[in-house]
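Structure below is structure_18.cif: mmCIF, C-alpha atoms and all ligand atoms.
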```cif
data_protein
loop_
_atom_site.label_atom_id
_atom_site.label_comp_id
_atom_site.auth_asym_id
_atom_site.auth_seq_id
_atom_site.Cartn_x
_atom_site.Cartn_y
_atom_site.Cartn_z
CA MET J 97 -16.87 3.57 8.13
CA ASP J 98 -14.10 5.90 7.06
CA CYS J 99 -16.08 8.77 5.65
CA LEU J 100 -17.67 12.13 6.14
CA ARG J 101 -20.97 11.46 7.85
CA GLU J 102 -22.37 14.85 7.05
CA ILE J 103 -21.25 17.20 4.35
CA GLU J 104 -19.57 20.24 5.80
CA THR J 105 -21.41 23.53 5.78
CA ASP J 106 -19.94 26.87 4.84
CA GLY J 107 -19.96 27.95 8.45
CA ASN J 108 -23.40 29.52 8.07
CA SER J 109 -25.09 26.11 8.11
CA ASN J 110 -25.58 26.32 4.33
CA PRO J 111 -24.61 23.06 2.61
CA ILE J 112 -21.46 23.70 0.64
CA GLN J 113 -21.81 23.73 -3.14
CA ILE J 114 -20.22 20.66 -4.66
CA SER J 115 -19.12 21.21 -8.21
CA ARG J 116 -16.95 18.22 -9.04
CA LEU J 117 -16.55 14.66 -7.77
CA ALA J 118 -14.17 11.88 -8.85
CA LEU J 119 -13.69 8.33 -7.62
CA ASP J 120 -10.93 5.72 -7.45
CA ILE J 121 -12.52 2.33 -6.80
CA GLY J 122 -9.75 -0.09 -5.91
CA GLY J 123 -9.48 -3.65 -4.73
CA SER J 124 -9.59 -2.60 -1.08
CA LEU J 125 -10.75 1.03 -0.83
CA ILE J 126 -12.94 3.55 -2.63
CA LYS J 127 -11.42 7.04 -2.58
CA LEU J 128 -13.47 10.19 -3.27
CA VAL J 129 -12.19 13.64 -4.13
CA TYR J 130 -14.67 16.48 -4.53
CA PHE J 131 -14.41 20.24 -4.93
CA SER J 132 -16.68 22.62 -3.06
CA ARG J 133 -16.94 26.29 -3.94
CA ASP J 134 -16.60 28.78 -1.14
CA SER J 135 -20.05 30.18 -0.49
CA GLY J 136 -18.99 33.63 -1.60
CA ASP J 137 -18.81 32.61 -5.25
CA HIS J 138 -21.80 33.57 -7.33
CA GLU J 139 -21.62 30.67 -9.72
CA ASP J 140 -24.62 28.66 -10.72
CA PRO J 141 -24.21 25.63 -8.45
CA LEU J 142 -25.98 23.47 -10.95
CA ASN J 143 -23.63 24.43 -13.73
CA ASP J 144 -21.27 21.50 -13.91
CA SER J 145 -18.96 23.19 -16.36
CA VAL J 146 -17.37 25.98 -14.47
CA ARG J 147 -17.49 29.08 -16.64
CA ILE J 148 -15.17 31.44 -14.86
CA SER J 149 -12.97 34.32 -15.84
CA ASN J 150 -10.85 34.10 -12.72
CA GLY J 151 -10.25 31.83 -9.73
CA VAL J 152 -13.15 30.05 -8.10
CA ASN J 153 -12.07 29.60 -4.51
CA GLY J 154 -13.00 26.47 -2.65
CA ARG J 155 -11.76 23.26 -1.12
CA LEU J 156 -10.75 19.83 -2.31
CA HIS J 157 -12.24 17.23 0.05
CA PHE J 158 -11.01 13.68 0.59
CA ALA J 159 -12.94 10.66 1.86
CA LYS J 160 -12.56 6.88 1.67
CA PHE J 161 -14.68 3.75 2.12
CA GLU J 162 -13.84 0.05 2.13
CA THR J 163 -14.76 -1.34 -1.27
CA THR J 164 -16.78 -4.09 0.48
CA ASN J 165 -18.92 -1.26 1.86
CA ILE J 166 -19.71 0.23 -1.54
CA ASN J 167 -23.36 0.72 -0.61
CA ASP J 168 -22.25 3.07 2.18
CA CYS J 169 -20.37 5.04 -0.45
CA LEU J 170 -23.41 5.20 -2.71
CA GLN J 171 -25.50 6.35 0.25
CA PHE J 172 -22.94 9.02 1.14
CA ILE J 173 -22.88 10.35 -2.44
CA SER J 174 -26.65 10.40 -2.62
CA ALA J 175 -27.36 11.76 0.87
CA ASN J 176 -24.85 14.58 0.46
CA LYS J 177 -25.84 15.36 -3.11
CA LEU J 178 -22.23 15.06 -4.26
CA PHE J 179 -23.49 15.15 -7.80
CA PHE J 180 -26.17 17.30 -9.33
CA GLY J 181 -29.21 16.02 -11.14
CA VAL J 182 -27.83 17.42 -14.34
CA THR J 183 -24.48 15.77 -13.76
CA ILE J 184 -24.96 12.16 -14.77
CA HIS J 185 -21.32 11.49 -15.65
CA LEU J 186 -18.69 11.06 -12.97
CA LYS J 187 -15.02 10.47 -13.57
CA ALA J 188 -13.84 7.20 -12.03
CA THR J 189 -10.68 5.13 -12.12
CA GLY J 190 -9.52 1.81 -10.64
CA GLY J 191 -10.83 -1.62 -11.44
CA GLY J 192 -14.06 -0.88 -9.62
CA ALA J 193 -14.99 1.73 -12.24
CA TYR J 194 -15.66 -1.27 -14.49
CA LYS J 195 -16.81 -3.77 -11.88
CA PHE J 196 -19.40 -1.44 -10.28
CA SER J 197 -20.40 0.60 -13.32
CA ASP J 198 -23.87 -1.00 -13.51
CA LEU J 199 -24.43 -0.54 -9.76
CA PHE J 200 -23.81 3.22 -10.00
CA LYS J 201 -26.18 3.43 -12.96
CA GLU J 202 -28.85 1.39 -11.22
CA LYS J 203 -28.67 3.03 -7.79
CA LEU J 204 -27.82 6.65 -8.64
CA GLY J 205 -28.47 6.95 -12.36
CA ILE J 206 -24.79 7.83 -12.78
CA SER J 207 -22.59 6.81 -15.70
CA LEU J 208 -18.98 6.31 -14.65
CA GLU J 209 -16.56 7.81 -17.17
CA LYS J 210 -13.55 5.51 -16.88
CA GLU J 211 -10.08 6.95 -16.70
CA ASP J 212 -6.97 4.78 -16.91
CA GLU J 213 -5.65 3.90 -13.46
CA MET J 214 -1.95 4.38 -14.22
CA ASP J 215 -2.67 7.69 -15.98
CA CYS J 216 -4.57 8.89 -12.92
CA LEU J 217 -1.93 7.79 -10.43
CA VAL J 218 0.76 9.72 -12.30
CA THR J 219 -1.43 12.79 -12.85
CA GLY J 220 -2.38 12.81 -9.17
CA ALA J 221 1.22 12.42 -8.02
CA ASN J 222 2.52 15.14 -10.37
CA PHE J 223 -0.25 17.50 -9.25
CA LEU J 224 0.48 17.00 -5.56
CA LEU J 225 4.25 17.25 -5.97
CA LYS J 226 3.91 20.52 -7.89
CA ALA J 227 0.92 22.19 -6.27
CA VAL J 228 0.93 21.25 -2.60
CA ASN J 229 3.42 22.62 -0.11
CA HIS J 230 4.72 20.01 2.30
CA GLU J 231 3.41 17.04 0.32
CA ALA J 232 6.50 14.84 0.09
CA PHE J 233 8.58 13.83 3.07
CA THR J 234 11.28 11.41 4.10
CA TYR J 235 10.93 9.16 7.14
CA LEU J 236 14.02 7.40 8.41
CA ASN J 237 14.94 6.24 11.90
CA GLY J 238 11.89 7.98 13.30
CA GLN J 239 12.73 11.33 11.72
CA LYS J 240 10.10 12.88 9.43
CA GLU J 241 11.29 15.72 7.21
CA PHE J 242 9.37 17.46 4.44
CA VAL J 243 11.14 17.66 1.10
CA GLN J 244 11.14 20.85 -0.96
CA ILE J 245 10.38 19.80 -4.53
CA ASP J 246 12.14 21.70 -7.32
CA HIS J 247 9.51 21.75 -10.08
CA ASN J 248 12.29 22.05 -12.63
CA ASP J 249 14.04 18.98 -11.30
CA LEU J 250 11.15 16.67 -10.50
CA TYR J 251 11.59 14.11 -13.27
CA PRO J 252 12.40 11.32 -13.63
CA TYR J 253 11.25 9.53 -10.52
CA LEU J 254 9.87 6.13 -9.58
CA LEU J 255 6.30 6.11 -8.28
CA VAL J 256 5.52 3.03 -6.21
CA ASN J 257 1.81 2.75 -5.51
CA ILE J 258 1.20 0.27 -2.70
CA GLY J 259 -2.48 -0.57 -2.84
CA SER J 260 -4.02 -4.02 -2.76
CA GLY J 261 -1.18 -4.85 -5.15
CA VAL J 262 1.84 -2.75 -6.06
CA SER J 263 2.54 -0.84 -9.28
CA MET J 264 5.98 0.64 -10.02
CA ILE J 265 5.88 3.45 -12.55
CA LYS J 266 8.82 5.33 -14.06
CA VAL J 267 7.61 8.94 -14.45
CA ASP J 268 9.36 11.20 -16.97
CA GLY J 269 6.88 14.07 -17.14
CA ASP J 270 3.19 14.96 -17.36
CA GLY J 271 1.57 12.09 -19.20
CA LYS J 272 5.01 10.53 -19.82
CA PHE J 273 5.40 7.33 -17.84
CA GLU J 274 5.90 3.59 -18.06
CA ARG J 275 4.70 0.96 -15.62
CA VAL J 276 8.00 -0.89 -15.28
CA SER J 277 7.08 -3.50 -12.66
CA GLY J 278 4.75 -4.53 -9.89
CA THR J 279 4.17 -7.20 -7.31
CA SER J 280 1.14 -9.01 -6.00
CA VAL J 281 2.69 -8.91 -2.51
CA GLY J 282 1.13 -5.63 -1.41
CA GLY J 283 -1.30 -3.99 0.96
CA GLY J 284 -3.95 -6.59 0.31
CA THR J 285 -1.43 -9.28 1.23
CA PHE J 286 -0.74 -7.68 4.59
CA TRP J 287 -4.41 -7.15 5.28
CA GLY J 288 -5.55 -10.53 3.95
CA LEU J 289 -2.81 -12.68 5.53
CA GLY J 290 -2.93 -10.58 8.69
CA LYS J 291 -6.66 -11.13 9.00
CA LEU J 292 -6.26 -14.89 8.58
CA LEU J 293 -3.36 -15.16 11.03
CA THR J 294 -4.57 -12.75 13.76
CA LYS J 295 -8.37 -12.79 13.37
CA CYS J 296 -8.32 -8.97 13.25
CA GLN J 297 -11.52 -7.62 11.79
CA SER J 298 -10.16 -4.32 10.50
CA PHE J 299 -6.99 -2.96 8.96
CA ASP J 300 -6.66 -0.34 11.68
CA GLU J 301 -6.82 -3.08 14.35
CA LEU J 302 -4.13 -5.05 12.51
CA LEU J 303 -1.94 -1.95 12.24
CA GLU J 304 -2.42 -1.08 15.91
CA LEU J 305 -1.51 -4.64 16.86
CA SER J 306 1.75 -4.40 14.91
CA GLN J 307 2.76 -1.38 16.99
CA ARG J 308 2.82 -3.55 20.12
CA GLY J 309 4.57 -6.52 18.52
CA ASN J 310 8.16 -7.75 18.45
CA ASN J 311 9.30 -9.16 15.11
CA ARG J 312 12.19 -11.00 16.77
CA VAL J 313 9.79 -13.56 18.22
CA LEU J 314 9.06 -15.00 14.78
CA ASP J 315 11.79 -13.68 12.48
CA MET J 316 14.97 -15.76 12.28
CA LEU J 317 17.95 -13.40 12.59
CA VAL J 318 21.43 -13.88 11.16
CA GLY J 319 22.63 -14.26 14.73
CA ASP J 320 20.17 -17.11 15.31
CA ILE J 321 21.97 -18.99 12.54
CA TYR J 322 25.53 -17.80 13.23
CA GLY J 323 25.50 -18.32 17.00
CA GLY J 324 25.05 -14.65 17.79
CA MET J 325 27.77 -13.52 15.36
CA ASP J 326 27.62 -11.14 12.38
CA TYR J 327 28.13 -12.51 8.89
CA SER J 328 30.32 -9.52 8.22
CA LYS J 329 31.91 -10.90 5.03
CA ILE J 330 28.61 -10.20 3.22
CA GLY J 331 27.71 -7.19 5.35
CA LEU J 332 24.99 -8.80 7.47
CA SER J 333 24.89 -8.00 11.15
CA SER J 334 23.69 -10.57 13.66
CA THR J 335 20.49 -8.56 14.10
CA ALA J 336 19.62 -8.55 10.39
CA ILE J 337 16.62 -10.69 9.48
CA ALA J 338 17.78 -13.85 7.74
CA SER J 339 14.35 -15.40 7.32
CA SER J 340 10.98 -13.80 7.98
CA PHE J 341 8.85 -16.04 10.24
CA GLY J 342 11.79 -18.49 10.16
CA ARG J 343 11.75 -19.11 13.90
CA ALA J 344 8.29 -20.64 13.67
CA ILE J 345 9.79 -23.77 12.09
CA SER J 346 12.16 -24.58 14.91
CA ASN J 347 9.76 -25.57 17.65
CA SER J 348 6.45 -27.31 18.24
CA ASN J 349 4.56 -24.05 18.59
CA GLU J 350 1.31 -23.61 16.75
CA LEU J 351 -0.15 -20.32 15.53
CA HIS J 352 -2.18 -19.92 18.71
CA ASP J 353 1.07 -20.08 20.74
CA TYR J 354 2.16 -16.76 19.23
CA LYS J 355 0.85 -13.35 20.14
CA PRO J 356 -1.14 -11.76 17.26
CA GLU J 357 0.85 -8.55 17.70
CA ASP J 358 4.11 -10.37 17.01
CA VAL J 359 2.57 -12.00 13.93
CA SER J 360 1.32 -8.64 12.67
CA ARG J 361 4.69 -6.99 13.28
CA SER J 362 6.66 -9.66 11.40
CA LEU J 363 4.15 -9.65 8.55
CA LEU J 364 4.30 -5.85 8.22
CA ARG J 365 8.08 -5.94 8.32
CA MET J 366 8.31 -8.72 5.73
CA ILE J 367 5.98 -7.08 3.21
CA SER J 368 7.36 -3.55 3.69
CA ASN J 369 10.96 -4.77 3.40
CA ASN J 370 10.13 -6.77 0.28
CA ILE J 371 8.46 -3.82 -1.41
CA GLY J 372 11.37 -1.55 -0.45
CA GLN J 373 13.86 -3.95 -1.99
CA ILE J 374 11.93 -4.51 -5.24
CA SER J 375 11.43 -0.73 -5.54
CA TYR J 376 15.15 -0.16 -5.12
CA LEU J 377 15.99 -2.78 -7.76
CA ASN J 378 13.69 -1.06 -10.26
CA ALA J 379 15.15 2.34 -9.39
CA LEU J 380 18.63 0.87 -9.92
CA GLN J 381 17.65 -0.63 -13.27
CA PHE J 382 16.45 2.76 -14.57
CA GLY J 383 19.03 4.91 -12.79
CA LEU J 384 16.42 6.63 -10.61
CA LYS J 385 17.47 8.20 -7.31
CA ARG J 386 14.05 9.29 -6.05
CA ILE J 387 11.31 6.87 -5.14
CA PHE J 388 7.90 8.25 -4.09
CA PHE J 389 5.62 5.80 -2.30
CA GLY J 390 1.85 6.24 -2.73
CA GLY J 391 -1.16 4.10 -1.94
CA PHE J 392 -2.99 3.62 1.33
CA PHE J 393 -0.79 0.78 2.57
CA THR J 394 1.72 3.11 4.21
CA ARG J 395 -1.03 5.17 5.93
CA GLY J 396 1.70 7.46 7.30
CA HIS J 397 2.51 4.57 9.67
CA SER J 398 5.97 5.04 11.14
CA TYR J 399 7.07 1.39 11.26
CA THR J 400 5.91 0.79 7.69
CA MET J 401 7.67 3.87 6.34
CA ASP J 402 10.79 3.28 8.40
CA THR J 403 11.04 -0.31 7.15
CA ILE J 404 10.65 0.78 3.53
CA SER J 405 13.14 3.63 3.98
CA VAL J 406 15.72 1.40 5.67
CA ALA J 407 15.36 -1.19 2.90
CA VAL J 408 15.89 1.42 0.15
CA HIS J 409 18.75 3.04 2.06
CA PHE J 410 20.44 -0.29 2.84
CA TRP J 411 20.24 -1.82 -0.61
CA SER J 412 21.13 1.42 -2.42
CA LYS J 413 23.96 2.13 0.03
CA GLY J 414 22.36 5.54 0.58
CA GLU J 415 22.24 6.36 -3.16
CA ALA J 416 18.44 6.20 -3.49
CA LYS J 417 15.93 8.03 -1.29
CA ALA J 418 12.49 6.82 -0.26
CA MET J 419 9.89 9.57 0.02
CA PHE J 420 6.28 9.45 1.08
CA LEU J 421 3.23 11.55 0.25
CA ARG J 422 0.73 13.11 2.62
CA HIS J 423 -2.17 12.36 0.29
CA GLU J 424 -0.75 8.92 -0.45
CA GLY J 425 -4.00 7.06 -1.04
CA PHE J 426 -5.73 9.72 -3.17
CA LEU J 427 -3.39 9.86 -6.16
CA GLY J 428 -5.76 8.00 -8.47
CA ALA J 429 -8.88 9.89 -7.38
CA LEU J 430 -7.06 13.22 -7.79
CA GLY J 431 -5.90 12.15 -11.24
CA ALA J 432 -9.46 11.30 -12.19
CA PHE J 433 -10.58 14.65 -10.78
CA MET J 434 -7.99 16.45 -12.90
CA SER J 435 -9.23 14.63 -16.01
CA TYR J 436 -12.37 16.80 -16.01
CA GLU J 437 -10.19 19.66 -17.18
CA ARG J 438 -8.87 17.54 -20.00
CA HIS J 439 -12.08 16.26 -21.50
CA SER J 440 -15.14 18.20 -20.52
CA LEU J 441 -14.50 21.49 -18.81
CA GLY J 442 -12.11 23.38 -21.00
CA ASP J 443 -8.71 24.23 -19.67
CA LEU J 444 -9.37 24.34 -15.99
CA MET J 445 -6.24 24.64 -13.97
CA VAL J 446 -5.84 24.11 -10.27
CA ASN J 447 -3.63 26.93 -9.17
CA GLN J 448 -0.24 26.25 -7.63
CA SER J 449 -0.93 28.07 -4.42
CA VAL J 450 -2.61 25.21 -2.64
CA GLN J 451 -2.01 25.50 1.08
CA ILE J 452 -1.12 22.77 3.52
CA PRO J 453 -4.30 20.72 3.88
CA VAL J 454 -6.48 21.83 6.73
CA ASP J 455 -9.09 19.90 8.60
CA ALA J 456 -12.42 20.09 6.81
CA SER J 457 -14.33 20.67 9.96
CA SER J 458 -12.33 23.48 11.45
CA SER J 459 -9.93 25.33 9.23
CA THR J 460 -8.92 27.34 12.25
CA ASP J 461 -7.87 24.17 14.05
CA THR J 462 -4.99 25.47 16.13
CA ASN J 463 -3.99 21.94 17.03
CA TYR J 464 -3.46 20.99 13.44
CA ASN J 465 0.08 19.78 12.96
CA PRO J 466 0.81 18.95 9.32
CA LEU J 467 3.76 16.85 10.37
CA GLU J 468 1.73 14.54 12.56
CA ARG J 469 -1.79 14.57 11.14
CA ASP J 470 -3.10 11.14 10.11
CA LEU J 471 -4.37 11.68 6.59
CA ASN J 472 -6.96 9.03 7.04
CA GLU J 473 -9.23 11.37 8.85
CA THR J 474 -11.47 13.52 6.72
CA GLU J 475 -9.52 16.38 5.30
CA SER J 476 -9.70 19.13 2.76
CA MET J 477 -7.33 21.60 1.17
CA GLN J 478 -8.00 25.15 0.10
CA CYS J 479 -7.46 25.85 -3.59
CA SER J 480 -8.67 27.91 -6.50
CA VAL J 481 -9.75 26.65 -9.87
CA TYR J 482 -8.97 28.72 -12.95
CA GLN J 483 -9.96 28.53 -16.54
CA ALA J 484 -6.77 28.90 -18.52
N1 LIG V 501 -9.00 1.68 6.54
C1 LIG V 501 -8.46 0.77 5.71
N2 LIG V 501 -9.19 -0.27 5.29
C2 LIG V 501 -8.65 -1.19 4.47
N3 LIG V 501 -7.38 -1.18 4.00
C3 LIG V 501 -6.60 -0.16 4.40
C4 LIG V 501 -7.10 0.86 5.25
N4 LIG V 501 -6.11 1.74 5.46
C5 LIG V 501 -5.05 1.32 4.78
N5 LIG V 501 -5.33 0.16 4.15
C6 LIG V 501 -4.35 -0.56 3.34
O1 LIG V 501 -4.36 0.05 2.04
C7 LIG V 501 -4.57 -0.92 1.02
C8 LIG V 501 -5.43 -0.32 -0.07
O2 LIG V 501 -4.72 0.79 -0.57
P1 LIG V 501 -5.31 1.57 -1.83
O3 LIG V 501 -4.25 2.53 -2.26
O4 LIG V 501 -6.67 2.08 -1.53
O5 LIG V 501 -5.40 0.40 -2.91
P2 LIG V 501 -6.67 -0.09 -3.76
O6 LIG V 501 -6.81 0.92 -4.84
O7 LIG V 501 -6.24 -1.45 -4.22
O8 LIG V 501 -7.84 -0.15 -2.84
C9 LIG V 501 -5.26 -2.08 1.72
O9 LIG V 501 -5.01 -3.30 1.05
C10 LIG V 501 -4.61 -2.04 3.11
O10 LIG V 501 -3.36 -2.70 3.10
C1 LIG V 502 -3.86 -4.61 -10.70
C2 LIG V 502 -3.49 -3.35 -9.92
C3 LIG V 502 -2.90 -2.31 -10.84
C4 LIG V 502 -4.77 -2.76 -9.32
O1 LIG V 502 -4.43 -1.63 -8.51
P1 LIG V 502 -4.88 -1.56 -6.94
O2 LIG V 502 -6.38 -1.68 -6.93
O3 LIG V 502 -4.21 -2.72 -6.26
O4 LIG V 502 -4.37 -0.24 -6.43
C5 LIG V 502 -2.52 -3.69 -8.76
O5 LIG V 502 -3.17 -4.55 -7.86
C6 LIG V 502 -1.22 -4.36 -9.23
O6 LIG V 502 -0.45 -3.76 -9.93
N1 LIG V 502 -1.02 -5.61 -8.81
C7 LIG V 502 0.26 -6.29 -9.05
C8 LIG V 502 0.27 -6.98 -10.41
C9 LIG V 502 1.72 -7.41 -10.73
O7 LIG V 502 2.16 -8.47 -10.21
O8 LIG V 502 2.42 -6.59 -11.36
#
```
Please express what this file holds, its structure, as structure tokens.
Ligand SMILES: Nc1ncnc2c1ncn2[C@@H]1O[C@H](COP(=O)(O)OP(=O)(O)O)[C@@H](O)[C@H]1O
Ligand SMILES: CC(C)(COP(=O)(O)O)[C@@H](O)C(=O)NCCC(=O)O
Amino acid sequence: MDCLREIETDGNSNPIQISRLALDIGGSLIKLVYFSRDSGDHEDPLNDSVRISNGVNGRLHFAKFETTNINDCLQFISANKLFFGVTIHLKATGGGAYKFSDLFKEKLGISLEKEDEMDCLVTGANFLLKAVNHEAFTYLNGQKEFVQIDHNDLYPYLLVNIGSGVSMIKVDGDGKFERVSGTSVGGGTFWGLGKLLTKCQSFDELLELSQRGNNRVLDMLVGDIYGGMDYSKIGLSSTAIASSFGRAISNSNELHDYKPEDVSRSLLRMISNNIGQISYLNALQFGLKRIFFGGFFTRGHSYTMDTISVAVHFWSKGEAKAMFLRHEGFLGALGAFMSYERHSLGDLMVNQSVQIPVDASSSTDTNYNPLERDLNETESMQCSVYQA
């Protein structure tokens, strides 16, 4: 279970005061974002509309659950009192906000206020790119480098959200976007096919397997077809993949004759490369040079990001740049969280001085390395909430 087991305390063993919770219920994962006031604030914790004259300091917390484990999520929300008795409306996005609406009402007495998924993805991405230092980074040939975002030169960009499926959204400003394409070959494909082909019981197991695999066992290379030579006339080296899984046709081997790690590696490479190429083609069509990849598929996983980056770099001849986001899987939930300010809580603004996320459990964690931290562990970021 990928979640906070116990709500954090404020360091004096007092449960932290939760004042806002939003959900993104997707085809694979449920993502939660909630804001907790620092204990020093003398706000009425039951007041779900923050009446403040200046910044309320606190933390944004992030947690996720597999959608198949939705009852664990309900239990977590209930056990940790992530909503107050007087708060019977929670912002939610993703298909699950419709599919599980009755379940939330029945189990927790909560009405889910639906927010459009594409709206939330774009709002979440714009928020992170503007408000969080060290949010976006490039990853190519094993090198990870944070990108300094110029707020005055952010738009337009292509947002590629790799979730169960993939949405490709041209973003021209706050609330100005168009979903220009998508593909059903996404994170759910890797996880679903990978599960069938390797018998892995979890995504993490499948991902770990891929790290040990060799895609050349199953992938047919140009050199396999051209007798070890390059096909230089069209710019393909002998080591370029000509056909994913193509080598499986040329012998009597069955699935059980292949190592699951090699299967996982080739599958990850095939899907990542495919998404990278389709993303580039959409960026080309709309003259976009920057492509930000969101969604939990990438998981900050080096081989996944490297494959996507190489695909974008190769096909664009270096013209387009693939960038990744530290809070990749929480774009929708953050967007839903931000929608409170639009509809029900006046003009709340999250200030721009949000620090690099720190571990929820120990903000003084001296081992915390923002460049290396796996975002899939529980995490929070310090921020202040203002009423404009
Ligand atoms: N712990 C995990 N459990 C399941 N899938 C995961 C996990 N971590 C990463 N993934 C990948 O992320 C995808 C879901 O990404 P997400 O952005 O949450 O999309 P959705 O909104 O469709 O759930 C999964 O299909 C899988 O490929
Ligand atoms: C339907 C969805 C927007 C749902 O989002 P998700 O839960 O996958 O994050 C997404 O799965 C998608 O865009 N699928 C691809 C549909 C297409 O072929 O464009």
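Atom CA of J:Arg365 to atom CA of J:Gly323 spans 23.1 Å [interatomic distance, one decimal].
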Rank J:Gly390, J:Pro252, J:Gly278, J:Gly154 by their smallest atom-to-atom distance to ligand LIG 502 (chain V), using only C-alpha atoms and all ligand atoms, and report the top residue only. J:Gly278
Throw together the list of residues within 8 Å of ligand LIG 502 (chain V), counting only C-alpha atoms and all ligand atoms, and drop it here as a PyMOL selection string. chain J and resi 121-125+190-191+213-214+257-264+277-284+391
Distance of atom O3 of ligand LIG 501 (chain V) from atom CA of J:Arg155, expressed in Å to one decimal place: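 One can read the atom CA of J:Arg155 to atom O3 of ligand LIG 501 (chain V) distance as 22.1 Å.
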Quote the spacing between atom CA of J:Ser435 and atom CA of J:Ala159 in Å to one decimal place.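 Atom-to-atom, atom CA of J:Ser435 to atom CA of J:Ala159, that is 18.7 Å.
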Shortest interatomic distance to J:Thr294 - which of J:Asp270, J:Asp168, J:Asp353, J:Asp402, counting all atoms listed in the file: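 For J:Thr294, the nearest of the given residues is J:Asp353.
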Just give me the residues with any atom within 6 Å of (-16.4, 11.2, -17.6), file coordinates, counting all atoms listed in the file, written as a ChimeraX atom specification. /J:185-187,209
Keeping C-alpha atoms, export the residues of the selection given above as a compact mmCIF listing (two decimals), in the coordinates of the input.
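File produced: out20.txt:
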```txt
# COMPACT_ATOMS: atom_id res chain seq x y z
CA HIS J 185 -21.32 11.49 -15.65
CA LEU J 186 -18.69 11.06 -12.97
CA LYS J 187 -15.02 10.47 -13.57
CA GLU J 209 -16.56 7.81 -17.17
```
Excluding J:Ala429 and its own-chain neighbours fewer than 5 positions away, which residues fall within 9 Å of it when counting only C-alpha atoms? Please give them as a ChimeraX atom specification. /J:118-121,126-129,187-190,216-217,220,434
Distance criterion (only C-alpha atoms and all ligand atoms): nearest to ligand LIG 501 (chain V) out of J:Gly288, J:Gly324, J:Gly269, J:Gly319: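 For ligand LIG 501 (chain V), the nearest of the candidates is J:Gly288.
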Excluding J:Tyr354 and residues on its chain fewer than 6 positions from it, collect all residues at most 12 Å away from it, counting only C-alpha atoms, and give them as a PyMOL selection string. chain J and resi 293-294+309-314+341+343-344+347-348+360-362
Residues within 12 Å of (13.5, -5.6, -6.8), file coords, all atoms listed in the file, listed as an MDAnalysis selection string: chainID J and resid 256 264 276:279 369:382 407:408 411:412
